[in-house]
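Colleague: File query.txt follows (compact mmCIF, C-alpha atoms and all ligand atoms):
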```txt
# COMPACT_ATOMS: atom_id res chain seq x y z
CA MET O 22 24.59 39.86 -76.95
CA ASN O 23 23.68 37.99 -80.13
CA VAL O 24 21.96 41.08 -81.54
CA TYR O 25 25.19 42.97 -80.92
CA ASP O 26 27.31 40.18 -82.42
CA SER O 27 25.12 40.04 -85.55
CA ASP O 28 25.42 43.78 -85.99
CA ARG O 29 29.15 43.60 -85.52
CA MET O 30 29.52 40.84 -88.12
CA SER O 31 27.47 42.80 -90.60
CA GLY O 32 29.57 45.93 -89.88
CA LEU O 33 32.84 44.05 -90.38
CA LEU O 34 31.62 42.56 -93.66
CA GLU O 35 30.30 45.93 -94.86
CA SER O 36 33.70 47.48 -94.14
CA GLN O 37 35.14 44.91 -96.57
CA GLY O 38 32.75 45.86 -99.36
CA TYR O 39 29.85 43.46 -98.74
CA GLN O 40 26.31 44.82 -98.67
CA LEU O 41 23.60 43.81 -96.25
CA GLU O 42 20.81 41.89 -98.03
CA LYS O 43 17.90 40.92 -95.84
CA ASP O 44 16.13 38.81 -98.46
CA ILE O 45 17.51 35.34 -97.89
CA ARG O 46 16.64 34.36 -101.50
CA LYS O 47 18.76 37.12 -103.00
CA ALA O 48 21.75 37.00 -100.62
CA ASP O 49 25.00 35.40 -101.83
CA VAL O 50 25.97 34.62 -98.24
CA VAL O 51 23.45 33.58 -95.58
CA LEU O 52 24.75 33.66 -92.01
CA ILE O 53 22.63 32.34 -89.15
CA ASN O 54 23.79 33.62 -85.78
CA THR O 55 22.81 31.18 -83.08
CA CYS O 56 22.29 30.73 -79.36
CA SER O 57 22.75 27.45 -77.55
CA ILE O 58 21.57 28.45 -74.08
CA ARG O 59 18.55 26.17 -74.47
CA ASP O 60 18.02 22.88 -76.23
CA LYS O 61 15.08 24.28 -78.22
CA SER O 62 17.15 26.93 -79.96
CA GLU O 63 19.55 24.27 -81.24
CA HIS O 64 16.67 22.24 -82.69
CA LYS O 65 15.35 25.37 -84.39
CA VAL O 66 18.72 25.97 -86.06
CA LEU O 67 18.85 22.43 -87.44
CA SER O 68 15.30 22.58 -88.74
CA LEU O 69 15.94 26.00 -90.33
CA LEU O 70 18.98 24.59 -92.11
CA GLY O 71 16.78 21.79 -93.47
CA GLU O 72 14.27 24.35 -94.76
CA LEU O 73 17.04 26.28 -96.52
CA ARG O 74 18.40 23.27 -98.43
CA PRO O 75 16.26 23.94 -101.57
CA LEU O 76 17.95 27.35 -101.91
CA LYS O 77 21.35 25.65 -102.06
CA GLN O 78 20.03 23.09 -104.57
CA LYS O 79 18.80 25.96 -106.73
CA ASN O 80 22.05 27.91 -106.41
CA PRO O 81 25.05 25.80 -105.34
CA ASN O 82 27.21 28.95 -105.12
CA LYS O 83 25.10 30.38 -102.31
CA VAL O 84 27.10 30.24 -99.07
CA PHE O 85 25.48 29.10 -95.83
CA GLY O 86 27.15 29.70 -92.49
CA ILE O 87 26.38 29.08 -88.84
CA THR O 88 27.89 31.55 -86.42
CA GLY O 89 27.58 31.90 -82.64
CA CYS O 90 27.30 29.42 -79.81
CA VAL O 91 25.69 26.50 -81.70
CA GLY O 92 28.60 26.71 -84.14
CA GLN O 93 31.04 26.73 -81.23
CA ARG O 94 29.37 23.83 -79.43
CA MET O 95 28.71 21.54 -82.38
CA GLY O 96 31.66 22.54 -84.58
CA ARG O 97 32.71 19.84 -87.03
CA THR O 98 29.64 17.72 -86.23
CA LEU O 99 27.50 20.41 -87.85
CA LEU O 100 29.56 20.34 -91.04
CA GLN O 101 29.24 16.55 -91.07
CA ARG O 102 25.50 16.56 -90.44
CA VAL O 103 24.60 19.34 -92.86
CA PRO O 104 26.27 18.84 -96.27
CA HIS O 105 25.02 22.16 -97.65
CA LEU O 106 26.68 24.12 -94.84
CA ASP O 107 29.87 25.95 -95.92
CA LEU O 108 30.98 27.77 -92.79
CA VAL O 109 30.83 27.06 -89.05
CA MET O 110 32.35 29.55 -86.65
CA GLY O 111 32.13 30.42 -82.95
CA PRO O 112 31.73 33.81 -81.24
CA ASP O 113 35.48 34.24 -80.80
CA ALA O 114 35.99 34.14 -84.57
CA ILE O 115 33.87 37.23 -85.25
CA ASP O 116 36.83 39.50 -85.97
CA ARG O 117 38.03 36.98 -88.58
CA ILE O 118 34.70 36.79 -90.40
CA GLY O 119 35.83 38.66 -93.52
CA GLY O 120 38.67 36.20 -94.14
CA LEU O 121 36.49 33.17 -93.38
CA VAL O 122 33.70 34.19 -95.76
CA GLY O 123 36.35 35.12 -98.36
CA THR O 124 37.91 31.65 -98.15
CA VAL O 125 34.55 30.00 -98.82
CA LEU O 126 33.68 32.36 -101.67
CA ASN O 127 37.06 32.52 -103.36
CA GLU O 128 38.51 29.08 -102.71
CA GLY O 129 35.30 27.07 -102.54
CA LYS O 130 36.42 25.45 -99.27
CA ARG O 131 34.24 24.53 -96.33
CA VAL O 132 35.54 26.37 -93.29
CA LEU O 133 35.51 25.66 -89.55
CA ASP O 134 36.77 28.20 -86.96
CA VAL O 135 35.90 27.47 -83.35
CA ASN O 136 39.20 28.64 -81.89
CA PHE O 137 39.28 30.62 -78.67
CA ASP O 138 41.86 33.34 -78.01
CA ALA O 139 44.98 31.30 -77.34
CA ASP O 140 46.65 33.72 -74.93
CA ARG O 141 45.98 33.81 -71.21
CA LYS O 142 45.73 37.57 -70.96
CA LYS O 143 42.78 39.03 -69.05
CA THR O 144 42.28 41.75 -71.65
CA TYR O 145 41.49 41.80 -75.34
CA SER O 146 40.93 44.39 -78.02
CA GLN O 147 38.45 44.42 -80.82
CA PRO O 148 38.37 46.68 -83.86
CA SER O 149 35.83 49.45 -83.54
CA VAL O 150 32.72 48.82 -85.67
CA VAL O 151 30.39 51.77 -85.38
CA HIS O 152 28.96 51.69 -88.89
CA ARG O 153 25.53 52.92 -87.90
CA ALA O 154 24.13 54.12 -84.61
CA LYS O 155 20.63 53.64 -83.27
CA PRO O 156 19.27 55.80 -80.42
CA SER O 157 19.92 52.89 -78.07
CA GLU O 158 22.94 50.67 -78.68
CA PHE O 159 24.54 47.62 -77.11
CA LEU O 160 28.29 47.47 -76.63
CA THR O 161 30.20 44.39 -75.55
CA ILE O 162 32.88 45.25 -73.00
CA MET O 163 33.97 41.76 -72.00
CA LYS O 164 33.55 38.15 -73.02
CA GLY O 165 33.36 34.76 -71.37
CA CYS O 166 32.54 33.72 -67.83
CA ASP O 167 34.64 32.28 -65.00
CA HIS O 168 31.66 30.90 -63.10
CA PHE O 169 30.56 27.40 -63.91
CA CYS O 170 26.89 27.34 -62.97
CA THR O 171 26.08 23.68 -63.38
CA TYR O 172 23.31 24.21 -65.97
CA CYS O 173 25.09 26.76 -68.15
CA ILE O 174 26.81 26.27 -71.49
CA VAL O 175 28.28 29.79 -71.70
CA PRO O 176 31.74 29.08 -70.24
CA PHE O 177 32.10 26.29 -72.83
CA THR O 178 30.99 28.38 -75.80
CA ARG O 179 32.41 31.78 -74.88
CA GLY O 180 35.49 30.85 -72.84
CA ARG O 181 37.02 32.56 -69.81
CA GLU O 182 36.52 36.19 -68.80
CA LYS O 183 38.46 38.82 -70.69
CA SER O 184 37.79 42.56 -70.68
CA ARG O 185 38.33 45.32 -73.20
CA PRO O 186 40.35 48.30 -71.88
CA ILE O 187 38.27 51.23 -70.65
CA ALA O 188 39.93 53.61 -73.14
CA GLU O 189 38.83 51.42 -76.07
CA VAL O 190 35.25 51.12 -74.76
CA ILE O 191 34.97 54.87 -74.11
CA SER O 192 36.23 55.59 -77.61
CA ASP O 193 33.47 53.35 -79.04
CA VAL O 194 30.84 55.08 -76.88
CA ARG O 195 32.00 58.48 -78.16
CA SER O 196 31.75 57.26 -81.76
CA PHE O 197 28.20 56.02 -81.16
CA VAL O 198 27.21 59.30 -79.51
CA GLU O 199 28.67 61.34 -82.38
CA LYS O 200 26.45 59.35 -84.74
CA GLY O 201 23.31 59.93 -82.65
CA THR O 202 23.20 57.24 -79.95
CA ARG O 203 21.78 58.49 -76.65
CA GLU O 204 21.65 55.30 -74.58
CA ILE O 205 24.33 52.66 -74.24
CA THR O 206 23.94 49.23 -72.68
CA PHE O 207 27.23 47.62 -71.76
CA LEU O 208 27.21 43.86 -72.29
CA GLY O 209 29.05 41.05 -70.57
CA GLN O 210 28.10 37.53 -69.51
CA ASN O 211 29.24 38.34 -65.98
CA ILE O 212 29.61 42.07 -66.23
CA ASN O 213 30.25 42.93 -62.58
CA THR O 214 33.71 41.39 -62.85
CA TYR O 215 34.66 43.56 -65.83
CA GLY O 216 38.34 44.44 -65.50
CA LYS O 217 39.17 41.38 -63.37
CA GLY O 218 42.93 40.80 -63.36
CA THR O 219 43.58 44.43 -64.37
CA SER O 220 43.53 47.74 -62.52
CA GLU O 221 40.19 48.70 -64.15
CA SER O 222 36.62 48.07 -63.02
CA LEU O 223 33.01 48.42 -64.15
CA ALA O 224 32.48 51.23 -61.62
CA GLN O 225 35.36 53.18 -63.19
CA LEU O 226 33.98 52.63 -66.69
CA ILE O 227 30.54 53.88 -65.64
CA GLU O 228 32.04 56.99 -64.05
CA GLN O 229 33.93 57.80 -67.24
CA ALA O 230 30.94 57.11 -69.49
CA ASP O 231 28.84 59.39 -67.27
CA GLN O 232 31.11 62.29 -68.32
CA ILE O 233 30.47 61.85 -72.05
CA GLU O 234 28.58 64.81 -73.40
CA GLY O 235 25.56 63.84 -75.48
CA LEU O 236 25.18 60.43 -73.83
CA GLU O 237 21.98 60.43 -71.76
CA ARG O 238 21.63 56.93 -70.39
CA ILE O 239 23.84 54.07 -69.26
CA ARG O 240 22.73 50.51 -68.54
CA TYR O 241 24.57 47.23 -68.13
CA VAL O 242 23.71 43.56 -68.23
CA THR O 243 24.10 40.81 -66.91
CA SER O 244 24.92 40.98 -63.23
CA HIS O 245 25.66 38.10 -60.90
CA PRO O 246 24.33 38.53 -57.33
CA ARG O 247 27.62 37.42 -55.80
CA ASP O 248 29.75 39.78 -57.86
CA LEU O 249 27.57 42.88 -57.55
CA GLY O 250 29.67 44.92 -55.11
CA GLU O 251 28.74 47.81 -52.85
CA ASP O 252 30.48 50.32 -55.16
CA LEU O 253 28.30 49.26 -58.10
CA MET O 254 25.12 49.31 -56.03
CA ALA O 255 25.97 52.76 -54.61
CA GLN O 256 26.32 54.17 -58.13
CA PHE O 257 22.57 53.83 -58.62
CA GLY O 258 22.24 56.54 -55.99
CA HIS O 259 24.63 59.10 -57.44
CA VAL O 260 25.62 58.50 -61.09
CA SER O 261 23.18 60.69 -62.94
CA LYS O 262 23.17 58.87 -66.30
CA LEU O 263 22.96 55.38 -64.82
CA CYS O 264 19.36 54.26 -65.37
CA PRO O 265 17.43 53.12 -62.28
CA ALA O 266 17.08 49.58 -63.59
CA LEU O 267 19.04 46.39 -62.99
CA HIS O 268 18.72 42.84 -64.22
CA LEU O 269 19.80 40.55 -61.38
CA PRO O 270 19.01 36.88 -62.08
CA PHE O 271 18.29 34.77 -59.00
CA GLN O 272 17.33 31.51 -60.79
CA SER O 273 15.83 29.86 -57.71
CA GLY O 274 14.66 30.88 -54.26
CA SER O 275 15.72 27.58 -52.71
CA ASP O 276 19.13 27.41 -51.06
CA SER O 277 19.55 23.73 -51.86
CA VAL O 278 18.73 24.28 -55.54
CA LEU O 279 21.06 27.30 -55.64
CA LYS O 280 23.79 25.07 -54.21
CA ALA O 281 23.13 22.39 -56.81
CA MET O 282 23.28 25.10 -59.48
CA SER O 283 26.57 26.35 -57.98
CA ARG O 284 25.25 29.89 -57.91
CA LEU O 285 27.40 30.81 -54.87
CA TYR O 286 24.75 32.77 -52.90
CA THR O 287 21.72 32.01 -50.77
CA GLN O 288 18.21 33.41 -50.88
CA SER O 289 18.90 35.70 -47.93
CA GLN O 290 22.13 37.00 -49.49
CA TYR O 291 20.20 37.74 -52.69
CA LEU O 292 17.47 39.58 -50.79
CA GLU O 293 20.12 41.58 -48.92
CA LYS O 294 21.44 42.84 -52.27
CA ILE O 295 17.91 43.87 -53.23
CA GLU O 296 17.61 45.78 -49.97
CA ARG O 297 20.94 47.55 -50.56
CA LEU O 298 19.95 48.48 -54.10
CA ARG O 299 16.66 49.92 -52.88
CA HIS O 300 18.50 51.74 -50.11
CA TYR O 301 20.64 53.56 -52.69
CA CYS O 302 17.86 53.97 -55.26
CA PRO O 303 14.31 53.44 -53.92
CA GLU O 304 12.76 53.68 -57.40
CA ILE O 305 15.06 51.09 -59.00
CA ALA O 306 13.27 48.66 -61.35
CA LEU O 307 14.59 45.16 -60.83
CA SER O 308 14.29 42.28 -63.24
CA ALA O 309 15.46 38.70 -63.00
CA ASP O 310 15.70 35.24 -64.58
CA ILE O 311 14.36 32.09 -63.01
CA ILE O 312 14.67 28.43 -63.93
CA VAL O 313 11.93 26.05 -62.83
CA GLY O 314 12.27 22.29 -62.65
CA PHE O 315 16.01 22.05 -62.02
CA PRO O 316 16.88 18.42 -61.13
CA GLY O 317 15.86 17.69 -57.54
CA GLU O 318 13.62 20.79 -57.20
CA THR O 319 10.80 19.86 -54.81
CA ASP O 320 7.45 21.59 -54.33
CA ALA O 321 8.90 23.22 -51.20
CA ASP O 322 11.93 24.47 -53.19
CA PHE O 323 9.66 25.91 -55.84
CA LYS O 324 7.56 27.68 -53.19
CA GLU O 325 10.75 29.51 -52.14
CA THR O 326 11.06 30.80 -55.72
CA LEU O 327 7.45 32.02 -55.61
CA LYS O 328 8.20 33.63 -52.26
CA VAL O 329 11.08 35.68 -53.72
CA LEU O 330 8.96 36.67 -56.73
CA ALA O 331 6.18 37.88 -54.44
CA GLU O 332 8.51 39.65 -52.03
CA VAL O 333 10.68 41.53 -54.53
CA GLU O 334 7.90 42.40 -57.01
CA PHE O 335 10.17 42.53 -60.04
CA ALA O 336 9.47 44.81 -62.97
CA GLY O 337 10.13 41.89 -65.32
CA VAL O 338 11.13 38.24 -65.07
CA PHE O 339 12.41 35.89 -67.77
CA MET O 340 11.10 32.46 -66.80
CA PHE O 341 12.40 29.19 -68.21
CA LYS O 342 11.94 25.49 -67.73
CA TYR O 343 15.25 23.76 -67.02
CA SER O 344 16.78 22.45 -70.24
CA PRO O 345 19.74 20.04 -69.95
CA ARG O 346 22.75 21.15 -71.97
CA PRO O 347 25.30 18.53 -73.05
CA GLY O 348 28.70 19.06 -71.44
CA THR O 349 27.39 20.79 -68.30
CA ARG O 350 27.51 19.20 -64.85
CA ALA O 351 23.77 19.23 -64.28
CA VAL O 352 23.26 16.81 -67.19
CA SER O 353 24.46 14.00 -64.94
CA TYR O 354 22.16 14.99 -62.06
CA GLU O 355 19.50 12.46 -61.25
CA ASP O 356 16.07 13.19 -59.90
CA GLU O 357 14.81 14.89 -63.00
CA VAL O 358 11.58 16.85 -62.61
CA PRO O 359 8.81 15.51 -64.90
CA GLU O 360 7.92 17.78 -67.81
CA SER O 361 4.32 18.14 -66.62
CA VAL O 362 5.53 19.39 -63.22
CA LYS O 363 7.88 21.86 -64.92
CA ASP O 364 4.94 23.10 -67.01
CA GLU O 365 2.75 23.55 -63.97
CA ARG O 366 5.48 25.42 -62.06
CA LEU O 367 6.20 27.67 -65.02
CA TYR O 368 2.50 28.43 -65.29
CA GLN O 369 2.26 29.32 -61.59
CA ALA O 370 5.33 31.56 -61.73
CA GLN O 371 4.06 33.30 -64.86
CA ALA O 372 0.62 33.90 -63.33
CA LEU O 373 2.18 35.45 -60.24
CA VAL O 374 4.61 37.65 -62.19
CA HIS O 375 1.92 38.82 -64.60
CA SER O 376 -0.45 39.78 -61.80
CA ILE O 377 2.31 41.82 -60.13
CA LEU O 378 3.26 43.48 -63.42
CA ASP O 379 -0.33 44.25 -64.19
CA ARG O 380 -0.76 45.96 -60.83
CA GLN O 381 2.52 47.88 -61.20
CA ASN O 382 1.67 49.07 -64.69
CA ARG O 383 -1.88 50.12 -63.86
CA ALA O 384 -0.52 52.24 -61.01
CA LEU O 385 1.46 54.19 -63.61
CA ILE O 386 -1.63 55.36 -65.51
CA GLY O 387 -1.81 59.13 -65.25
CA SER O 388 1.88 59.50 -64.39
CA LYS O 389 4.53 61.09 -66.61
CA THR O 390 7.78 59.52 -67.68
CA HIS O 391 10.67 60.26 -70.03
CA VAL O 392 10.89 58.03 -73.08
CA LEU O 393 13.83 57.75 -75.46
CA ILE O 394 12.04 57.17 -78.77
CA GLU O 395 13.80 54.40 -80.69
CA SER O 396 11.61 53.78 -83.72
CA LEU O 397 8.25 53.79 -85.41
CA ASP O 398 6.60 50.47 -84.63
CA LYS O 399 6.35 47.84 -87.39
CA LYS O 400 2.72 48.65 -88.18
CA GLY O 401 3.47 52.38 -88.35
CA LYS O 402 0.83 53.17 -85.74
CA CYS O 403 2.95 54.49 -82.90
CA PHE O 404 6.48 55.24 -81.78
CA THR O 405 8.26 52.98 -79.36
CA GLY O 406 10.92 53.59 -76.76
CA ARG O 407 11.86 52.90 -73.17
CA ASN O 408 11.65 54.95 -70.04
CA PRO O 409 14.60 55.12 -67.60
CA HIS O 410 13.23 52.05 -65.77
CA GLY O 411 13.44 50.04 -68.97
CA LYS O 412 9.69 49.79 -69.55
CA ILE O 413 8.62 49.75 -73.18
CA VAL O 414 6.30 52.66 -73.91
CA HIS O 415 4.23 53.08 -77.08
CA VAL O 416 3.64 56.73 -77.87
CA PHE O 417 0.76 57.63 -80.14
CA ASN O 418 1.22 61.28 -80.99
CA ALA O 419 4.95 61.53 -81.57
CA GLY O 420 6.48 62.36 -84.97
CA MET O 421 9.50 61.09 -86.90
CA ALA O 422 11.49 64.01 -85.52
CA CYS O 423 11.11 62.45 -82.07
CA VAL O 424 13.17 59.38 -83.01
CA GLY O 425 16.43 59.57 -81.08
CA LYS O 426 15.00 62.16 -78.68
CA THR O 427 13.84 61.84 -75.10
CA ILE O 428 10.33 63.15 -74.69
CA GLU O 429 7.96 63.46 -71.77
CA VAL O 430 5.07 61.04 -72.04
CA GLU O 431 1.86 60.76 -70.04
CA ILE O 432 0.87 57.13 -69.49
CA THR O 433 -2.73 56.55 -70.43
CA GLU O 434 -2.96 52.76 -70.74
CA ALA O 435 -1.25 49.65 -69.44
CA ASN O 436 -1.33 46.61 -71.65
CA GLY O 437 0.41 43.47 -70.36
CA SER O 438 4.01 44.45 -69.81
CA ASN O 439 3.79 47.45 -72.17
CA LEU O 440 2.67 50.98 -71.48
CA ARG O 441 0.92 53.36 -73.84
CA GLY O 442 0.83 57.10 -73.66
CA PHE O 443 0.93 60.50 -75.26
CA TYR O 444 3.74 62.92 -75.84
CA VAL O 445 3.04 65.72 -73.39
CA GLY O 446 2.84 69.07 -75.09
CA ALA O 447 2.04 67.84 -78.58
CA PRO O 448 -1.54 68.63 -79.51
CA ARG O 449 -3.66 65.56 -80.22
CA THR O 450 -6.12 65.64 -83.06
CA ILE O 451 -8.71 62.94 -83.25
CA ARG O 452 -9.33 61.89 -86.84
CA GLU O 453 -12.71 60.74 -88.13
CA ASP O 454 -11.73 57.07 -87.76
CA GLY O 455 -10.92 57.66 -84.11
CA SER O 456 -7.11 57.47 -84.54
CA LEU O 457 -4.88 60.23 -83.30
CA SER O 458 -2.81 62.40 -85.59
CA SER O 459 0.94 62.87 -85.07
CA PRO O 460 2.36 66.26 -84.27
CA SER O 461 4.26 68.01 -87.00
CA VAL O 462 8.04 67.91 -87.03
CA SER O 463 8.18 71.37 -85.50
CA GLN O 464 6.34 70.07 -82.43
CA ALA O 465 9.04 67.55 -81.71
CA PRO O 466 11.67 68.48 -79.14
CA ASN O 467 15.09 69.62 -80.26
S1 LIG O 501 27.30 33.33 -64.28
FE1 LIG O 501 25.84 33.35 -65.97
S2 LIG O 501 27.07 33.03 -67.84
FE2 LIG O 501 28.37 32.46 -66.08
S3 LIG O 501 28.08 30.23 -65.88
FE3 LIG O 501 26.58 31.22 -64.50
S4 LIG O 501 24.68 31.45 -65.72
FE4 LIG O 501 26.39 31.01 -67.15
```
Any chance you could give the structure as structure tokens?

Modeller:
Amino acid sequence: MNVYDSDRMSGLLESQGYQLEKDIRKADVVLINTCSIRDKSEHKVLSLLGELRPLKQKNPNKVFGITGCVGQRMGRTLLQRVPHLDLVMGPDAIDRIGGLVGTVLNEGKRVLDVNFDADRKKTYSQPSVVHRAKPSEFLTIMKGCDHFCTYCIVPFTRGREKSRPIAEVISDVRSFVEKGTREITFLGQNINTYGKGTSESLAQLIEQADQIEGLERIRYVTSHPRDLGEDLMAQFGHVSKLCPALHLPFQSGSDSVLKAMSRLYTQSQYLEKIERLRHYCPEIALSADIIVGFPGETDADFKETLKVLAEVEFAGVFMFKYSPRPGTRAVSYEDEVPESVKDERLYQAQALVHSILDRQNRALIGSKTHVLIESLDKKGKCFTGRNPHGKIVHVFNAGMACVGKTIEVEITEANGSNLRGFYVGAPRTIREDGSLSSPSVSQAPN
């Protein structure tokens, strides 16, 4: 979501005549978009601001701004603590960014905007910003969250749930597709409840997006196990452009920890959803988030988490140690788990997940898959994209003409969570140094 927000801010500023400058030393305005989901990210922001102070000393006219959830959470305190900071704004102020930056530049004022939408409507609109389109794009369709999981800062930094109308979202998808996008990932903190309080729903949006000519793939993130309804699960069985992949965080396998987290489901209810999803789409790749070391988590609780990991065999898991966030309910919970125990549990969970992933990926060697090529990798050695299951695949004999195209790839190697392979049909030439040549443009698919 922050990648999308950053892109949107840059698009809005570009539409007002600003130019994107990636060299922080040359830029007139430096905006740092932030996340406050974990304590560590907040510390990083403060230390980065300290490192940037010499640039302000050298050029007092350079504008520094903090955007995103750290700005929302810390607000005025940030301006007080960091004298060389000119602008602090939250995620709900994104559409006002041009005016806010203009006020700092033209009037020399320090600016704070952490206001949420004042109205109580369940819908909102945002100006379309489709200034450039990558093969795979994110698109926010709703904001906020009405759940209050006891560890989570999101409802405090992004407010209550509000959805964009389907017509507005579909219009943005069409604009992306016209510019070359082939895969769209709809974003929402609690996306299954998209349309809540209106007559629209996520299932309806997916059905309409499925009809868009030129769009090849649809994904969405993030789902909540309680809100993932039968209609949404069934779509994995019959909506042709909906990728067979779903991120469904479970956080803990222990019912008592889930209760303390206020996650509103039990382990068995979560596993039932997994069963239903696999009923509709046996090949579906499932991924999840877990938190280890939540206050009160015992060894027996943690074993339940390992049990779910082993039973479901996820295609990917984001694993975190519990990090207390000021303002959330869990901060006041006693019975904190010692850091060393959290470390040990994280290590155990990682070892289990990696061994499962390793086995899954090795089983794919020799198989063929379809990869939407997104870019040449940073070192210029191969092209990178994802298959329908969301696995990253590095392709060694593709050409620039493949970027933005879906090509058939034979998997030849599995490396950690990544796969490597060759574009089927393109001749491979082995150079003297052992590297493989790329096919010519004419060998790329149309
Ligand atoms: S559902 Fe997700 S975003 Fe909402 S409070 Fe819970 S963890 Fe946070």

Colleague: At most 12 Å from (31.4, 29.1, -69.9), file frame, all atoms listed in the file: which residues, as a PyMOL selection string?

Modeller: chain O and resi 57-58+90+93-94+137+164-182+210-211+346+348-350

Colleague: Restricting the calculation to all atoms listed in the file: of O:His245, O:Lys217, O:Lys200, O:Arg238, which residue gets closest to ligand LIG 501 (chain O)?

Modeller: O:His245

Colleague: My list of candidates is O:Leu33, O:Val260, O:Leu76, O:Ile413. Which is closest to Ser149 of chain O when distances are computed with only C-alpha atoms?

Modeller: O:Leu33

Colleague: Measuring atom to atom with all atoms listed in the file, identify which of O:Val91, O:Leu307, O:Met340, O:Ile212 is nearest to Asp60 of chain O.

Modeller: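 Ranking O:Val91, O:Leu307, O:Met340, O:Ile212 by distance to Asp60 of chain O, first place goes to O:Val91.
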
Colleague: Excluding same-chain residues fewer than 6 positions from Ile394 of chain O, what lies within 6 Å of it counting all atoms listed in the file, as a count of residues only?

Modeller: 5

Colleague: Using Å and a single decimal, report how far atom CA of Gly201 of chain O sits from atom CA of Glu42 of chain O.

Modeller: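 The value is 23.8 Å.
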
Colleague: Using Å and a single decimal, report how far atom CA of Leu223 of chain O sits from atom CA of Tyr291 of chain O.

Modeller: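 Between these atoms lies a distance of 20.2 Å.
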
Colleague: Hey, which of O:Ile311, O:Met110, O:Ala435, O:Val132 ends up closest to Ala384 of chain O? Count all atoms listed in the file.

Modeller: O:Ala435

Colleague: Counting all atoms listed in the file, which residue out of O:Glu228, O:Glu318, O:Glu221, O:Asp398 sits closest to Val362 of chain O?

Modeller: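 Looking only at the distances to Val362 of chain O, the closest residue turns out to be O:Glu318.
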
Colleague: Name the closest residue to Lys43 of chain O among the candidates O:Asn418, O:Lys79, O:Ser31, O:Ile115; distances are taken between atoms, counting only C-alpha atoms.

Modeller: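 Selected residue with least distance to Lys43 of chain O: O:Ser31.
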
Colleague: State, in Å with one decimal place, the distance from atom CA of Pro409 of chain O to atom CA of Tyr301 of chain O.

Modeller: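 Between atom CA of Pro409 of chain O and atom CA of Tyr301 of chain O the gap is 16.2 Å.
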
Colleague: Axis-aligned box over every listed atom of ligand LIG 501 (chain O), padded by 3 Å per side: centre and edges in Å to one decimal, as lines of an AutoDock Vina configuration file?

Modeller:
```
center_x = 26.5
center_y = 31.8
center_z = -66.1
size_x = 9.7
size_y = 9.1
size_z = 9.6
```

Colleague: Using the structure block above, produce a file of segment 339-351 of chain O that contains N, CA and C atoms, as an mmCIF file, in the first residue's frame.

Modeller:
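Written output follows (part-v4.cif):
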```
data_model
loop_
_atom_site.group_PDB
_atom_site.id
_atom_site.type_symbol
_atom_site.label_atom_id
_atom_site.label_comp_id
_atom_site.auth_asym_id
_atom_site.auth_seq_id
_atom_site.Cartn_x
_atom_site.Cartn_y
_atom_site.Cartn_z
ATOM 1 N N PHE O 339 4.913 -14.342 5.877
ATOM 2 C CA PHE O 339 5.626 -13.219 6.478
ATOM 3 C C PHE O 339 5.581 -13.441 7.987
ATOM 4 N N MET O 340 6.776 -13.519 8.586
ATOM 5 C CA MET O 340 6.842 -13.879 10.012
ATOM 6 C C MET O 340 7.441 -12.726 10.818
ATOM 7 N N PHE O 341 6.771 -12.357 11.882
ATOM 8 C CA PHE O 341 7.224 -11.214 12.678
ATOM 9 C C PHE O 341 7.229 -11.555 14.158
ATOM 10 N N LYS O 342 8.150 -10.881 14.867
ATOM 11 C CA LYS O 342 8.082 -10.933 16.333
ATOM 12 C C LYS O 342 7.096 -9.848 16.759
ATOM 13 N N TYR O 343 6.315 -10.109 17.787
ATOM 14 C CA TYR O 343 5.361 -9.106 18.259
ATOM 15 C C TYR O 343 6.103 -7.829 18.657
ATOM 16 N N SER O 344 5.553 -6.704 18.208
ATOM 17 C CA SER O 344 6.158 -5.408 18.488
ATOM 18 C C SER O 344 5.071 -4.485 19.043
ATOM 19 N N PRO O 345 5.174 -4.095 20.333
ATOM 20 C CA PRO O 345 4.090 -3.289 20.918
ATOM 21 C C PRO O 345 3.972 -1.921 20.249
ATOM 22 N N ARG O 346 2.753 -1.534 19.908
ATOM 23 C CA ARG O 346 2.531 -0.243 19.279
ATOM 24 C C ARG O 346 1.739 0.655 20.214
ATOM 25 N N PRO O 347 2.285 1.834 20.537
ATOM 26 C CA PRO O 347 1.592 2.734 21.460
ATOM 27 C C PRO O 347 0.177 3.041 20.971
ATOM 28 N N GLY O 348 -0.769 3.023 21.897
ATOM 29 C CA GLY O 348 -2.152 3.351 21.541
ATOM 30 C C GLY O 348 -3.000 2.117 21.298
ATOM 31 N N THR O 349 -2.375 0.951 21.105
ATOM 32 C CA THR O 349 -3.169 -0.264 20.876
ATOM 33 C C THR O 349 -3.441 -0.952 22.222
ATOM 34 N N ARG O 350 -4.456 -1.815 22.228
ATOM 35 C CA ARG O 350 -4.847 -2.454 23.496
ATOM 36 C C ARG O 350 -3.778 -3.383 24.045
ATOM 37 N N ALA O 351 -3.096 -4.077 23.139
ATOM 38 C CA ALA O 351 -2.132 -5.094 23.585
ATOM 39 C C ALA O 351 -0.954 -4.493 24.358
#
```
